[in-house]
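For reference, model.tsv (TSV, C-alpha atoms):
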```tsv
chain	number	residue	atom	x	y	z
K	22	MET	CA	-57.23	123.77	1.48
K	23	SER	CA	-53.93	123.97	-0.41
K	24	GLN	CA	-50.83	126.13	-0.13
K	25	THR	CA	-48.48	127.27	-2.87
K	26	GLU	CA	-45.33	129.35	-2.81
K	27	SER	CA	-44.66	132.47	-4.88
K	28	ASN	CA	-41.43	134.14	-5.92
K	29	SER	CA	-42.92	137.59	-5.38
K	30	PRO	CA	-40.82	140.22	-3.57
K	31	SER	CA	-42.91	139.75	-0.46
K	32	ALA	CA	-41.86	136.09	-0.44
K	33	MET	CA	-38.25	137.19	0.11
K	34	ALA	CA	-39.10	139.47	3.03
K	35	SER	CA	-37.64	138.96	6.44
K	36	THR	CA	-38.67	135.75	8.20
K	37	THR	CA	-38.29	137.22	11.66
K	38	SER	CA	-42.08	137.70	11.96
K	39	ALA	CA	-44.90	135.31	11.25
K	40	PRO	CA	-46.56	135.67	7.84
K	41	TYR	CA	-49.78	137.66	7.86
K	42	ILE	CA	-52.68	138.01	5.44
K	43	VAL	CA	-52.23	140.76	2.85
K	44	GLU	CA	-55.21	139.81	0.64
K	45	ASP	CA	-58.26	137.96	1.93
K	46	TYR	CA	-60.29	136.97	-1.12
K	47	GLY	CA	-63.28	135.61	0.75
K	48	ARG	CA	-63.94	131.90	0.46
K	49	ASN	CA	-61.57	131.70	-2.53
K	50	LEU	CA	-58.07	132.23	-1.18
K	51	GLN	CA	-55.73	134.17	1.07
K	52	LEU	CA	-52.41	135.72	0.04
K	53	LEU	CA	-49.88	135.92	2.87
K	54	SER	CA	-47.06	138.40	3.34
K	55	ASP	CA	-44.40	135.77	2.53
K	56	GLY	CA	-46.03	134.98	-0.82
K	57	THR	CA	-47.83	131.85	0.32
K	58	VAL	CA	-51.25	131.36	-1.26
K	59	ILE	CA	-53.85	129.40	0.69
K	60	ARG	CA	-56.65	128.16	-1.55
K	61	PHE	CA	-59.97	126.87	-0.21
K	62	GLU	CA	-61.42	123.86	-1.97
K	63	ASP	CA	-65.07	124.77	-1.29
K	64	TYR	CA	-64.90	128.16	-3.02
K	65	ASN	CA	-67.51	127.37	-5.67
K	66	THR	CA	-70.91	128.76	-4.61
K	67	LEU	CA	-72.74	128.07	-7.89
K	68	PRO	CA	-75.47	125.41	-7.64
K	69	PRO	CA	-74.63	122.31	-9.66
K	70	PRO	CA	-76.73	122.33	-12.84
K	71	VAL	CA	-79.04	119.45	-13.70
K	72	LEU	CA	-77.89	118.06	-17.03
K	73	PRO	CA	-80.60	117.22	-19.58
K	74	PRO	CA	-80.44	113.55	-20.64
K	75	ALA	CA	-79.93	114.60	-24.28
K	76	LEU	CA	-76.40	115.79	-23.45
K	77	SER	CA	-75.32	112.26	-22.58
K	78	VAL	CA	-74.55	111.65	-26.28
K	79	VAL	CA	-71.62	114.10	-26.06
K	80	GLN	CA	-68.37	112.28	-25.35
K	81	TRP	CA	-65.65	114.03	-23.40
K	82	LYS	CA	-62.15	113.38	-22.15
K	83	ASP	CA	-59.21	115.31	-20.69
K	84	VAL	CA	-55.91	115.64	-22.53
K	85	VAL	CA	-52.62	117.35	-21.71
K	86	TYR	CA	-51.71	120.28	-23.95
K	87	ASP	CA	-48.60	121.39	-22.04
K	88	SER	CA	-46.72	118.51	-20.43
K	89	GLY	CA	-44.09	120.80	-18.94
K	90	LEU	CA	-46.66	122.68	-16.87
K	91	GLY	CA	-49.12	119.82	-16.56
K	92	LEU	CA	-51.90	121.85	-18.17
K	93	LYS	CA	-54.96	120.11	-19.59
K	94	LEU	CA	-57.98	120.79	-21.72
K	95	ARG	CA	-61.26	118.92	-21.98
K	96	VAL	CA	-62.34	117.69	-25.41
K	97	TYR	CA	-66.08	117.44	-26.11
K	98	LYS	CA	-67.18	115.47	-29.17
K	99	PRO	CA	-70.86	115.39	-30.16
K	100	PRO	CA	-72.22	112.92	-32.69
K	101	ALA	CA	-72.12	114.29	-36.21
K	102	ALA	CA	-75.41	114.69	-38.07
K	103	VAL	CA	-73.85	112.82	-40.98
K	104	ALA	CA	-71.37	110.00	-40.55
K	105	GLY	CA	-67.83	111.20	-41.22
K	106	GLU	CA	-68.82	114.88	-41.18
K	107	LYS	CA	-66.15	117.27	-39.95
K	108	LEU	CA	-67.32	119.71	-37.27
K	109	PRO	CA	-66.28	123.27	-36.39
K	110	VAL	CA	-63.93	123.63	-33.42
K	111	LEU	CA	-64.72	125.93	-30.50
K	112	VAL	CA	-61.79	126.68	-28.16
K	113	TYR	CA	-63.21	127.85	-24.82
K	114	PHE	CA	-61.58	129.63	-21.86
K	115	HIS	CA	-63.48	129.65	-18.56
K	116	GLY	CA	-64.05	132.68	-16.34
K	117	GLY	CA	-63.02	133.38	-12.76
K	118	GLY	CA	-61.17	136.68	-12.84
K	119	TYR	CA	-57.86	134.92	-13.70
K	120	VAL	CA	-57.81	133.85	-10.04
K	121	ILE	CA	-60.25	130.95	-9.69
K	122	GLY	CA	-62.02	128.42	-11.87
K	123	SER	CA	-61.36	125.30	-13.91
K	124	PHE	CA	-62.92	123.45	-16.81
K	125	GLU	CA	-63.79	120.80	-14.22
K	126	MET	CA	-66.29	123.05	-12.42
K	127	ASP	CA	-69.82	121.73	-12.87
K	128	SER	CA	-71.11	124.99	-14.35
K	129	PHE	CA	-68.37	125.36	-16.98
K	130	HIS	CA	-68.61	121.66	-17.81
K	131	ALA	CA	-72.37	122.06	-18.36
K	132	CYS	CA	-71.86	125.13	-20.57
K	133	CYS	CA	-69.38	123.31	-22.78
K	134	LEU	CA	-71.48	120.16	-23.00
K	135	ARG	CA	-74.36	122.32	-24.17
K	136	LEU	CA	-72.27	124.25	-26.68
K	137	ALA	CA	-70.88	121.02	-28.14
K	138	TYR	CA	-74.32	119.47	-28.43
K	139	GLU	CA	-76.30	122.44	-29.76
K	140	LEU	CA	-73.61	123.89	-32.04
K	141	THR	CA	-72.65	120.38	-33.16
K	142	ALA	CA	-69.04	121.41	-32.64
K	143	VAL	CA	-65.91	119.96	-31.12
K	144	VAL	CA	-65.30	122.02	-27.98
K	145	LEU	CA	-61.87	122.34	-26.38
K	146	SER	CA	-62.22	123.78	-22.86
K	147	ALA	CA	-58.80	124.76	-21.55
K	148	ASP	CA	-57.40	125.35	-18.10
K	149	TYR	CA	-54.64	127.91	-17.60
K	150	ARG	CA	-52.40	129.02	-14.76
K	151	LEU	CA	-54.11	131.15	-12.14
K	152	ALA	CA	-53.03	134.22	-10.20
K	153	PRO	CA	-51.70	135.21	-7.75
K	154	GLU	CA	-49.32	132.24	-7.97
K	155	HIS	CA	-48.97	132.99	-11.68
K	156	ARG	CA	-49.83	136.60	-12.43
K	157	LEU	CA	-50.74	137.83	-15.87
K	158	PRO	CA	-49.59	137.38	-18.58
K	159	ALA	CA	-49.26	133.71	-17.55
K	160	ALA	CA	-52.86	132.93	-18.57
K	161	HIS	CA	-52.33	134.58	-21.97
K	162	ASP	CA	-49.11	132.65	-22.49
K	163	ASP	CA	-51.01	129.44	-21.77
K	164	ALA	CA	-53.73	130.43	-24.24
K	165	ALA	CA	-51.08	130.87	-26.91
K	166	THR	CA	-49.85	127.37	-26.09
K	167	VAL	CA	-53.41	126.06	-26.47
K	168	MET	CA	-53.67	127.65	-29.91
K	169	SER	CA	-50.28	126.23	-30.90
K	170	TRP	CA	-51.51	122.80	-29.75
K	171	VAL	CA	-54.54	123.23	-32.03
K	172	ARG	CA	-52.19	124.11	-34.89
K	173	ASP	CA	-50.15	120.98	-34.20
K	174	GLN	CA	-53.30	118.85	-34.23
K	175	ALA	CA	-54.22	120.32	-37.61
K	176	VAL	CA	-51.00	119.03	-39.17
K	177	ALA	CA	-50.66	115.81	-37.18
K	178	THR	CA	-50.60	112.55	-39.11
K	179	GLY	CA	-50.97	108.96	-38.03
K	180	ASP	CA	-50.77	108.41	-34.29
K	181	ALA	CA	-49.22	111.83	-33.67
K	182	GLY	CA	-52.56	113.58	-33.25
K	183	ASP	CA	-55.57	113.08	-31.05
K	184	PRO	CA	-57.87	110.49	-32.70
K	185	TRP	CA	-61.08	112.35	-31.80
K	186	LEU	CA	-59.83	115.51	-33.50
K	187	ALA	CA	-58.48	113.61	-36.49
K	188	GLU	CA	-61.91	112.05	-36.92
K	189	SER	CA	-64.19	115.03	-36.25
K	190	ALA	CA	-62.44	118.42	-36.27
K	191	ASP	CA	-62.61	120.84	-39.19
K	192	PHE	CA	-59.59	123.03	-38.52
K	193	SER	CA	-60.62	125.46	-41.24
K	194	ARG	CA	-63.48	126.50	-38.93
K	195	VAL	CA	-61.89	127.25	-35.55
K	196	PHE	CA	-63.64	129.67	-33.21
K	197	VAL	CA	-62.30	131.00	-29.91
K	198	SER	CA	-64.65	131.87	-27.06
K	199	GLY	CA	-64.71	132.43	-23.32
K	200	ASP	CA	-66.60	134.14	-20.55
K	201	SER	CA	-65.49	136.92	-18.20
K	202	ALA	CA	-61.72	136.54	-17.73
K	203	GLY	CA	-61.85	133.88	-20.42
K	204	ALA	CA	-63.25	136.50	-22.79
K	205	GLY	CA	-60.35	138.76	-21.85
K	206	ILE	CA	-58.07	135.92	-22.90
K	207	VAL	CA	-59.97	135.68	-26.19
K	208	HIS	CA	-59.30	139.38	-26.89
K	209	HIS	CA	-55.56	138.83	-26.51
K	210	VAL	CA	-55.67	135.71	-28.70
K	211	ALA	CA	-57.42	137.78	-31.39
K	212	LEU	CA	-54.90	140.60	-30.94
K	213	HIS	CA	-51.92	138.27	-31.26
K	214	LEU	CA	-53.44	136.52	-34.28
K	215	GLY	CA	-54.22	139.81	-36.00
K	216	SER	CA	-50.78	141.27	-35.35
K	217	GLY	CA	-48.93	138.15	-36.46
K	218	GLN	CA	-47.52	137.38	-33.01
K	219	LEU	CA	-49.45	134.09	-33.00
K	220	VAL	CA	-49.62	131.84	-36.05
K	221	VAL	CA	-51.93	128.82	-36.18
K	222	ASP	CA	-51.80	128.07	-39.92
K	223	PRO	CA	-53.00	125.73	-41.38
K	224	ALA	CA	-55.75	125.98	-38.79
K	225	CYS	CA	-57.99	129.00	-39.39
K	226	VAL	CA	-59.57	131.09	-36.63
K	227	ALA	CA	-62.79	132.17	-38.34
K	228	GLY	CA	-64.13	134.23	-35.43
K	229	CYS	CA	-64.06	134.98	-31.71
K	230	ALA	CA	-66.98	135.16	-29.26
K	231	LEU	CA	-66.40	137.23	-26.11
K	232	LEU	CA	-69.04	136.63	-23.44
K	233	PHE	CA	-69.27	139.52	-20.94
K	234	PRO	CA	-65.51	140.15	-21.12
K	235	CYS	CA	-63.58	141.14	-18.01
K	236	PHE	CA	-62.23	144.54	-19.05
K	237	ASP	CA	-61.56	147.42	-16.67
K	238	GLY	CA	-59.82	150.75	-16.26
K	239	VAL	CA	-59.03	153.35	-13.64
K	240	GLU	CA	-61.75	155.73	-14.81
K	241	ARG	CA	-65.06	154.82	-13.21
K	242	THR	CA	-67.98	154.15	-15.57
K	243	ARG	CA	-71.67	154.52	-14.77
K	244	SER	CA	-72.30	150.77	-14.80
K	245	LYS	CA	-69.80	150.27	-11.98
K	246	ALA	CA	-72.52	151.51	-9.63
K	247	LEU	CA	-74.58	148.41	-10.45
K	248	PRO	CA	-74.72	145.79	-7.69
K	249	GLY	CA	-74.14	142.20	-8.70
K	250	PRO	CA	-74.98	138.93	-7.00
K	251	TYR	CA	-71.66	137.35	-7.98
K	252	LEU	CA	-69.44	140.21	-9.16
K	253	THR	CA	-69.24	143.32	-6.98
K	254	LEU	CA	-66.97	146.33	-7.34
K	255	PRO	CA	-64.71	145.52	-4.34
K	256	TYR	CA	-64.48	141.90	-5.47
K	257	SER	CA	-63.58	142.96	-9.02
K	258	HIS	CA	-60.91	145.45	-7.93
K	259	GLN	CA	-59.37	142.98	-5.50
K	260	GLY	CA	-59.26	140.35	-8.22
K	261	TRP	CA	-57.27	142.70	-10.44
K	262	ARG	CA	-54.81	143.37	-7.60
K	263	LEU	CA	-54.24	139.63	-7.40
K	264	ALA	CA	-54.07	139.02	-11.14
K	265	LEU	CA	-52.11	141.93	-12.63
K	266	PRO	CA	-48.34	142.32	-12.39
K	267	GLN	CA	-47.48	143.75	-8.99
K	268	GLY	CA	-47.81	147.51	-8.93
K	269	ALA	CA	-49.89	147.68	-12.13
K	270	THR	CA	-53.13	149.65	-12.27
K	271	ARG	CA	-56.37	148.66	-13.98
K	272	ASP	CA	-55.24	150.72	-17.00
K	273	HIS	CA	-52.59	148.08	-17.70
K	274	PRO	CA	-52.96	146.70	-21.27
K	275	LEU	CA	-53.82	143.31	-19.78
K	276	ALA	CA	-56.91	144.85	-18.15
K	277	ASN	CA	-57.82	147.79	-20.38
K	278	PRO	CA	-57.69	147.24	-24.17
K	279	PHE	CA	-57.80	151.01	-24.66
K	280	GLY	CA	-55.56	152.10	-21.79
K	281	PRO	CA	-52.85	154.74	-22.24
K	282	GLU	CA	-50.19	152.07	-22.87
K	283	SER	CA	-52.36	149.57	-24.77
K	284	PRO	CA	-51.37	148.78	-28.36
K	285	ALA	CA	-53.28	150.59	-31.09
K	286	LEU	CA	-55.81	148.29	-32.75
K	287	ASP	CA	-56.56	150.30	-35.89
K	288	ALA	CA	-54.18	148.36	-38.13
K	289	VAL	CA	-54.66	144.96	-36.46
K	290	ALA	CA	-56.51	142.47	-38.66
K	291	LEU	CA	-58.86	141.10	-36.03
K	292	PRO	CA	-61.09	138.14	-36.92
K	293	PRO	CA	-64.86	138.72	-36.80
K	294	LEU	CA	-65.99	139.28	-33.21
K	295	LEU	CA	-69.16	138.58	-31.26
K	296	VAL	CA	-69.35	140.59	-28.03
K	297	VAL	CA	-72.08	139.60	-25.56
K	298	VAL	CA	-72.84	141.97	-22.68
K	299	ALA	CA	-75.22	141.80	-19.72
K	300	GLN	CA	-77.33	144.87	-19.01
K	301	LEU	CA	-76.86	144.71	-15.21
K	302	ASP	CA	-73.16	143.83	-15.31
K	303	LEU	CA	-70.91	146.40	-13.63
K	304	LEU	CA	-68.48	145.81	-16.53
K	305	ARG	CA	-71.22	146.50	-19.09
K	306	ASP	CA	-70.04	150.00	-20.09
K	307	ARG	CA	-66.47	148.82	-20.68
K	308	ASP	CA	-67.69	145.98	-22.86
K	309	VAL	CA	-70.00	148.18	-24.92
K	310	ASP	CA	-67.23	150.75	-25.35
K	311	TYR	CA	-64.89	147.98	-26.54
K	312	ALA	CA	-67.31	146.87	-29.25
K	313	THR	CA	-68.23	150.45	-30.21
K	314	ARG	CA	-64.61	151.53	-30.66
K	315	LEU	CA	-63.73	148.50	-32.74
K	316	LYS	CA	-66.77	149.07	-34.96
K	317	ALA	CA	-65.67	152.68	-35.47
K	318	MET	CA	-62.32	151.32	-36.71
K	319	GLY	CA	-64.14	149.28	-39.32
K	320	LYS	CA	-63.77	145.93	-37.55
K	321	GLN	CA	-66.43	143.27	-38.01
K	322	VAL	CA	-68.12	143.26	-34.60
K	323	GLU	CA	-71.56	142.05	-33.53
K	324	LEU	CA	-72.74	143.41	-30.17
K	325	VAL	CA	-75.58	141.61	-28.36
K	326	GLU	CA	-76.92	142.86	-25.01
K	327	PHE	CA	-79.00	140.71	-22.68
K	328	GLU	CA	-81.53	142.78	-20.78
K	329	GLY	CA	-82.02	142.10	-17.08
K	330	GLN	CA	-78.95	139.86	-16.83
K	331	HIS	CA	-75.92	140.03	-14.56
K	332	HIS	CA	-72.28	139.21	-15.17
K	333	GLY	CA	-71.64	135.52	-15.84
K	334	PHE	CA	-75.28	134.54	-16.26
K	335	PHE	CA	-74.47	131.63	-18.57
K	336	ALA	CA	-72.32	129.84	-15.99
K	337	VAL	CA	-74.82	130.65	-13.23
K	338	GLU	CA	-77.75	129.18	-15.17
K	339	PRO	CA	-76.53	127.21	-18.20
K	340	PHE	CA	-80.06	126.03	-18.96
K	341	GLY	CA	-82.05	129.15	-18.12
K	342	ASP	CA	-83.95	131.26	-20.64
K	343	ALA	CA	-81.03	133.66	-21.09
K	344	GLY	CA	-78.66	130.72	-21.51
K	345	ASN	CA	-80.96	129.32	-24.19
K	346	GLU	CA	-80.80	132.57	-26.14
K	347	LEU	CA	-77.04	132.93	-25.65
K	348	VAL	CA	-76.44	129.50	-27.17
K	349	ARG	CA	-78.64	130.46	-30.15
K	350	VAL	CA	-76.65	133.69	-30.58
K	351	VAL	CA	-73.30	131.89	-30.49
K	352	LYS	CA	-74.54	129.19	-32.87
K	353	ARG	CA	-75.79	131.78	-35.35
K	354	PHE	CA	-72.45	133.61	-35.16
K	355	VAL	CA	-70.43	130.44	-35.73
K	356	TYR	CA	-72.37	129.20	-38.72
K	357	THR	CA	-73.03	132.61	-40.30
K	358	THR	CA	-69.38	133.61	-39.99
K	359	ALA	CA	-68.22	130.30	-41.44
K	360	VAL	CA	-70.59	130.61	-44.39
K	361	ASP	CA	-69.58	134.24	-45.03
K	362	ALA	CA	-65.91	133.28	-44.96
K	363	ALA	CA	-66.47	130.47	-47.44
K	364	ALA	CA	-68.53	132.69	-49.74
K	365	SER	CA	-65.84	135.37	-49.82
K	366	ASN	CA	-63.00	132.85	-50.17
K	367	HIS	CA	-61.60	134.25	-46.95
K	368	SER	CA	-58.31	132.70	-46.01
K	369	CYS	CA	-56.51	132.91	-42.69
```
Would you kindly transcribe this structure into structure tokens?
Amino acid sequence: MSQTESNSPSAMASTTSAPYIVEDYGRNLQLLSDGTVIRFEDYNTLPPPVLPPALSVVQWKDVVYDSGLGLKLRVYKPPAAVAGEKLPVLVYFHGGGYVIGSFEMDSFHACCLRLAYELTAVVLSADYRLAPEHRLPAAHDDAATVMSWVRDQAVATGDAGDPWLAESADFSRVFVSGDSAGAGIVHHVALHLGSGQLVVDPACVAGCALLFPCFDGVERTRSKALPGPYLTLPYSHQGWRLALPQGATRDHPLANPFGPESPALDAVALPPLLVVVAQLDLLRDRDVDYATRLKAMGKQVELVEFEGQHHGFFAVEPFGDAGNELVRVVKRFVYTTAVDAAASNHSC
């Protein structure tokens, strides 16, 4: 169990009474009235996956991408099919509702090992600051720092860059992906790239893969009636209360890409998108609406729905049948998009 302090208004309240619990987020954490956050170390309820022996050929290590905040990412490097071959780069942001999670979790580690091995890609799995200690947009700010770090690696010479990336990474084929909250981060990366707020040149983001993105809104959709083994409606709504700026509703632009105050996307030059949704996910309708609206604007969007699956199924069962198909879908998107970009002389 760990405690952290917050500079929220409640943290400056009178100290004449003992702090009390204002948000009890189950086995994950408790937020107290004075801003203290108590985190529980045994919050992860996912069974540890059994790693196939074939994945042992993937090398991995942790590196710091923001020394000021002590933030790290995990680099996964598979063996190249041909000696000296440069591999596409997949930047990955884990899920957890912006409140929990880490690249170190067994399930996310297994997912990224598998993606590196089966895509034959360098995977960069990044941690970011979590709410409620660091409410949104902290996670999005950290994602921008990750992408700037990738840009810096693309131009690094000599000993200035990471040797694994210098040896194996093809920065002309960078893809950004994530699941759940991580997919929400991916949307904002794509938005900032397309609007010019984030520049990664000479690296090129060729596409973005959003896996069951964590979008929401005040208006209730039909899929919100769906029960979920890991994501329920009360749990989702409480997570947003912990993650969003204090006083914000679920129509905030950081939660709802098409909320009343969200930026218009019509003129934004988004990279090609893959949107994966789960049929039994309570967020399913929001995710489908996201892809449908972007398609209507003329954006390049591929929507893939997994029947009979719940939110976060890839992290729950990285080596299940649905996980097998998801990896095939992501691999096809990565290599098809890269080939299409090359054929059309697309330039970032």
**OP:** For Leu140 in chain K, work out the shell of residues within 9 Å, counting only C-alpha atoms and skipping chain neighbours fewer than 5 positions away, then give it as a ChimeraX atom specification.
**Re:** /K:109,135,348-349,351-353,355-356
Dump as a PDB file, in the frame of the given file, selection limited to C-alpha atoms:
```pdb
ATOM      1  CA  PRO K 109     -66.280 123.270 -36.390  1.00  0.00           C
ATOM      2  CA  ARG K 135     -74.360 122.320 -24.170  1.00  0.00           C
ATOM      3  CA  VAL K 348     -76.440 129.500 -27.170  1.00  0.00           C
ATOM      4  CA  ARG K 349     -78.640 130.460 -30.150  1.00  0.00           C
ATOM      5  CA  VAL K 351     -73.300 131.890 -30.490  1.00  0.00           C
ATOM      6  CA  LYS K 352     -74.540 129.190 -32.870  1.00  0.00           C
ATOM      7  CA  ARG K 353     -75.790 131.780 -35.350  1.00  0.00           C
ATOM      8  CA  VAL K 355     -70.430 130.440 -35.730  1.00  0.00           C
ATOM      9  CA  TYR K 356     -72.370 129.200 -38.720  1.00  0.00           C
TER      10      TYR K 356
END
```
Subject >> Atomic distance CA of Trp170 in chain K - CA of Tyr149 in chain K, expressed in Å with one decimal >> reply: 13.5 Å
Subject >> Distance query range 86-100 of chain K at most 10 Å, only C-alpha atoms, self and fewer than 6 positions along chain excluded, as a PyMOL selection string >> reply: chain K and resi 76-80+106+108+110-114+123-125+130+133-150+163+166-171+183+185-186+188-190
**OP:** Name the residues in contact with Tyr256 in chain K at a cut-off of 9 Å, using all atoms listed in the file, excluding same-chain residues fewer than 5 positions from it; report them as a list in words.
**Re:** Tyr46, Gly47, Tyr251 and Trp261 of chain K
Subject >> Near-range 294-309 of chain K list (6 Å; all atoms listed in the file; drop same-chain fewer than 6 positions) as a VMD selection string >> reply: chain K and resid 228 to 233 244 to 245 247 322 to 332
Original post:
How many Å lie between CA of Leu265 in chain K and CA of Gln51 in chain K, rounded to one decimal?
Top reply: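 Between these atoms lies a distance of 16.2 Å.
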**OP:** Check the smallest atom-to-atom distance from each of K:Asp180, K:Phe354, K:Ala246, K:Ile59 to Ser198 in chain K using only C-alpha atoms, then report the winner.
**Re:**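 Of the candidates, the smallest distance to Ser198 in chain K is held by K:Phe354.
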Subject >> Two-atom distance - CA of Asn65 in chain K, CA of Arg262 in chain K (Å) >> reply: 20.5 Å
Subject >> Close residues, Pro292 in chain K itself excluded, 10 Å, only C-alpha atoms, min 5 positions apart in chain, as a PyMOL selection string >> reply: chain K and resi 196+211-212+214-215+225-229+320-322+358+369
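With only C-alpha atoms as the atoms that count, the residue of K:Phe279, K:Gln259, K:Gly182, K:Leu52 with the shortest distance to Val84 in chain K is K:Gly182.
Between Arg156 in chain K and the residues K:Cys235, K:Ala264, K:His258, K:Val43, the shortest atom-to-atom distance, using only C-alpha atoms, involves K:Ala264.
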**OP:** Using all atoms listed in the file, pick whichever of K:Thr253, K:Val207, K:Asp83, K:Pro223 has the shortest atom-to-atom distance to Pro278 in chain K.
**Re:**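 Nearest to Pro278 in chain K: K:Val207.
Comparing the minimum interatomic distances between Asp310 in chain K and each of K:Pro184, K:Pro255, K:Gly238, K:Gly179, counting only C-alpha atoms, we find that K:Gly238 sits nearest.
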**OP:** Find the residue from K:Cys132, K:Glu240, K:Ala104, K:Leu252 that sits nearest to Gly280 in chain K; use only C-alpha atoms when measuring.
**Re:**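 Nearest to Gly280 in chain K: K:Glu240.
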